[in-house]
Amino acid sequence: MIKTEKGLLEIKGDLHETLADYKVITVELRKMLEETIGKERAEEEMQEAMQLSRMSEDEIGKYLEK
């Protein structure tokens with residue numbers, strides 16, 4: 001189970017359940033982004049999110065200051 005509320009994240013369950021939830025969230029987010037901002041921009045946003053997910057909190061702060 002992946003739950004977010006007011007900027008807080010809670011993850012429970014085994015690895016397979018968590019990965020399945022993540023995949024569903026990612027697919028649905030991409031669909032929503034494509035409908036809202038178009039396919040090309042959605043791809044850019046998804047790539048940026050993946051890039052940020054690999055950064056430390058300090059790196060994210062510096063990146064967002066730009």
# chains A, B, ... in the order shown; residues from 1 in each chain; ligands from 1
>>> select_by_dssp(residues="chain A", states="helix (DSSP H, G or I)", output="number ranges by chain")
A: 15-37, 39-53, 57-65
>>> select_by_dssp(residues="chain A", states="strand (DSSP E)", output="ChimeraX atom specification")
/A:2-5,8-11
>>> write_last_selection(atoms="N, CA, C and O atoms", output="PDB file, in the first residue's frame")
ATOM      1  N   ILE A   2       0.580   2.154  -0.892  1.00  0.00           N
ATOM      2  CA  ILE A   2       1.252   3.443  -0.916  1.00  0.00           C
ATOM      3  C   ILE A   2       0.179   4.495  -0.659  1.00  0.00           C
ATOM      4  O   ILE A   2      -0.813   4.558  -1.383  1.00  0.00           O
ATOM      5  N   LYS A   3       0.382   5.281   0.371  1.00  0.00           N
ATOM      6  CA  LYS A   3      -0.604   6.291   0.747  1.00  0.00           C
ATOM      7  C   LYS A   3       0.116   7.625   0.934  1.00  0.00           C
ATOM      8  O   LYS A   3       1.164   7.683   1.577  1.00  0.00           O
ATOM      9  N   THR A   4      -0.444   8.667   0.359  1.00  0.00           N
ATOM     10  CA  THR A   4       0.081  10.012   0.596  1.00  0.00           C
ATOM     11  C   THR A   4      -1.049  10.894   1.087  1.00  0.00           C
ATOM     12  O   THR A   4      -2.199  10.748   0.679  1.00  0.00           O
ATOM     13  N   GLU A   5      -0.693  11.792   1.992  1.00  0.00           N
ATOM     14  CA  GLU A   5      -1.673  12.745   2.508  1.00  0.00           C
ATOM     15  C   GLU A   5      -0.924  13.957   3.042  1.00  0.00           C
ATOM     16  O   GLU A   5      -0.023  13.810   3.880  1.00  0.00           O
ATOM     17  N   LEU A   8       2.833  13.799   3.221  1.00  0.00           N
ATOM     18  CA  LEU A   8       3.437  12.695   3.951  1.00  0.00           C
ATOM     19  C   LEU A   8       3.202  11.402   3.184  1.00  0.00           C
ATOM     20  O   LEU A   8       2.168  11.210   2.565  1.00  0.00           O
ATOM     21  N   LEU A   9       4.158  10.501   3.242  1.00  0.00           N
ATOM     22  CA  LEU A   9       4.102   9.242   2.513  1.00  0.00           C
ATOM     23  C   LEU A   9       4.160   8.076   3.484  1.00  0.00           C
ATOM     24  O   LEU A   9       4.956   8.072   4.419  1.00  0.00           O
ATOM     25  N   GLU A  10       3.296   7.087   3.232  1.00  0.00           N
ATOM     26  CA  GLU A  10       3.303   5.862   4.020  1.00  0.00           C
ATOM     27  C   GLU A  10       3.337   4.687   3.050  1.00  0.00           C
ATOM     28  O   GLU A  10       2.522   4.613   2.130  1.00  0.00           O
ATOM     29  N   ILE A  11       4.286   3.783   3.237  1.00  0.00           N
ATOM     30  CA  ILE A  11       4.407   2.595   2.392  1.00  0.00           C
ATOM     31  C   ILE A  11       4.353   1.378   3.303  1.00  0.00           C
ATOM     32  O   ILE A  11       5.133   1.267   4.245  1.00  0.00           O
TER      33      ILE A  11
END
>>> residues_around(residues="range 13-22 of chain A", least_positions_apart="3", cutoff="9 Å", atoms="only C-alpha atoms", output="list in words")
Met1, Ile2, Ile25, Thr26 and Val27 of chain A
>>> write_last_selection(atoms="N, CA, C and O atoms", output="PDB file, in the first residue's frame")
ATOM      1  N   MET A   1       0.836  -1.170   0.000  1.00  0.00           N
ATOM      2  CA  MET A   1       0.000   0.000   0.000  1.00  0.00           C
ATOM      3  C   MET A   1       0.889   1.244   0.000  1.00  0.00           C
ATOM      4  O   MET A   1       1.828   1.337   0.786  1.00  0.00           O
ATOM      5  N   ILE A   2       0.580   2.154  -0.892  1.00  0.00           N
ATOM      6  CA  ILE A   2       1.252   3.443  -0.916  1.00  0.00           C
ATOM      7  C   ILE A   2       0.179   4.495  -0.659  1.00  0.00           C
ATOM      8  O   ILE A   2      -0.813   4.558  -1.383  1.00  0.00           O
ATOM      9  N   ILE A  25       0.361   3.606 -10.050  1.00  0.00           N
ATOM     10  CA  ILE A  25       0.437   5.050  -9.851  1.00  0.00           C
ATOM     11  C   ILE A  25       1.158   5.712 -11.020  1.00  0.00           C
ATOM     12  O   ILE A  25       0.706   6.729 -11.558  1.00  0.00           O
ATOM     13  N   THR A  26       2.275   5.142 -11.439  1.00  0.00           N
ATOM     14  CA  THR A  26       3.068   5.717 -12.516  1.00  0.00           C
ATOM     15  C   THR A  26       2.309   5.733 -13.838  1.00  0.00           C
ATOM     16  O   THR A  26       2.302   6.747 -14.547  1.00  0.00           O
ATOM     17  N   VAL A  27       1.640   4.641 -14.159  1.00  0.00           N
ATOM     18  CA  VAL A  27       0.870   4.569 -15.408  1.00  0.00           C
ATOM     19  C   VAL A  27      -0.263   5.591 -15.392  1.00  0.00           C
ATOM     20  O   VAL A  27      -0.468   6.327 -16.369  1.00  0.00           O
TER      21      VAL A  27
END
>>> atom_distance(atom1="CA of Leu29 in chain A", atom2="CA of Ala49 in chain A")
11.4 Å
>>> residues_around(residues="Met32 in chain A", least_positions_apart="4", cutoff="12 Å", atoms="only C-alpha atoms", output="number ranges by chain")
A: 25-28, 36-39, 41-43, 45-46
>>> write_last_selection(atoms="C-alpha atoms", output="short mmCIF file (atom, residue, chain, number, x, y, z; two decimals), in the first residue's frame")
data_model
loop_
_atom_site.label_atom_id
_atom_site.label_comp_id
_atom_site.auth_asym_id
_atom_site.auth_seq_id
_atom_site.Cartn_x
_atom_site.Cartn_y
_atom_site.Cartn_z
CA ILE A 25 0.44 5.05 -9.85
CA THR A 26 3.07 5.72 -12.52
CA VAL A 27 0.87 4.57 -15.41
CA GLU A 28 -2.12 6.60 -14.23
CA THR A 36 -3.34 17.71 -19.29
CA ILE A 37 -0.04 18.88 -20.79
CA GLY A 38 0.49 16.67 -23.83
CA LYS A 39 2.62 13.62 -24.50
CA ARG A 41 5.75 17.53 -21.92
CA ALA A 42 4.47 14.55 -19.90
CA GLU A 43 7.57 12.60 -20.93
CA GLU A 45 8.03 15.69 -16.43
CA MET A 46 8.29 11.93 -15.88
#
>>> closest_residue(among="A:Gly7, A:Ile60, A:Glu34, A:Lys23", to="Glu48 in chain A", atoms="only C-alpha atoms")
A:Ile60
>>> atom_distance(atom1="CA of Ser56 in chain A", atom2="CA of Glu44 in chain A")
20.4 Å
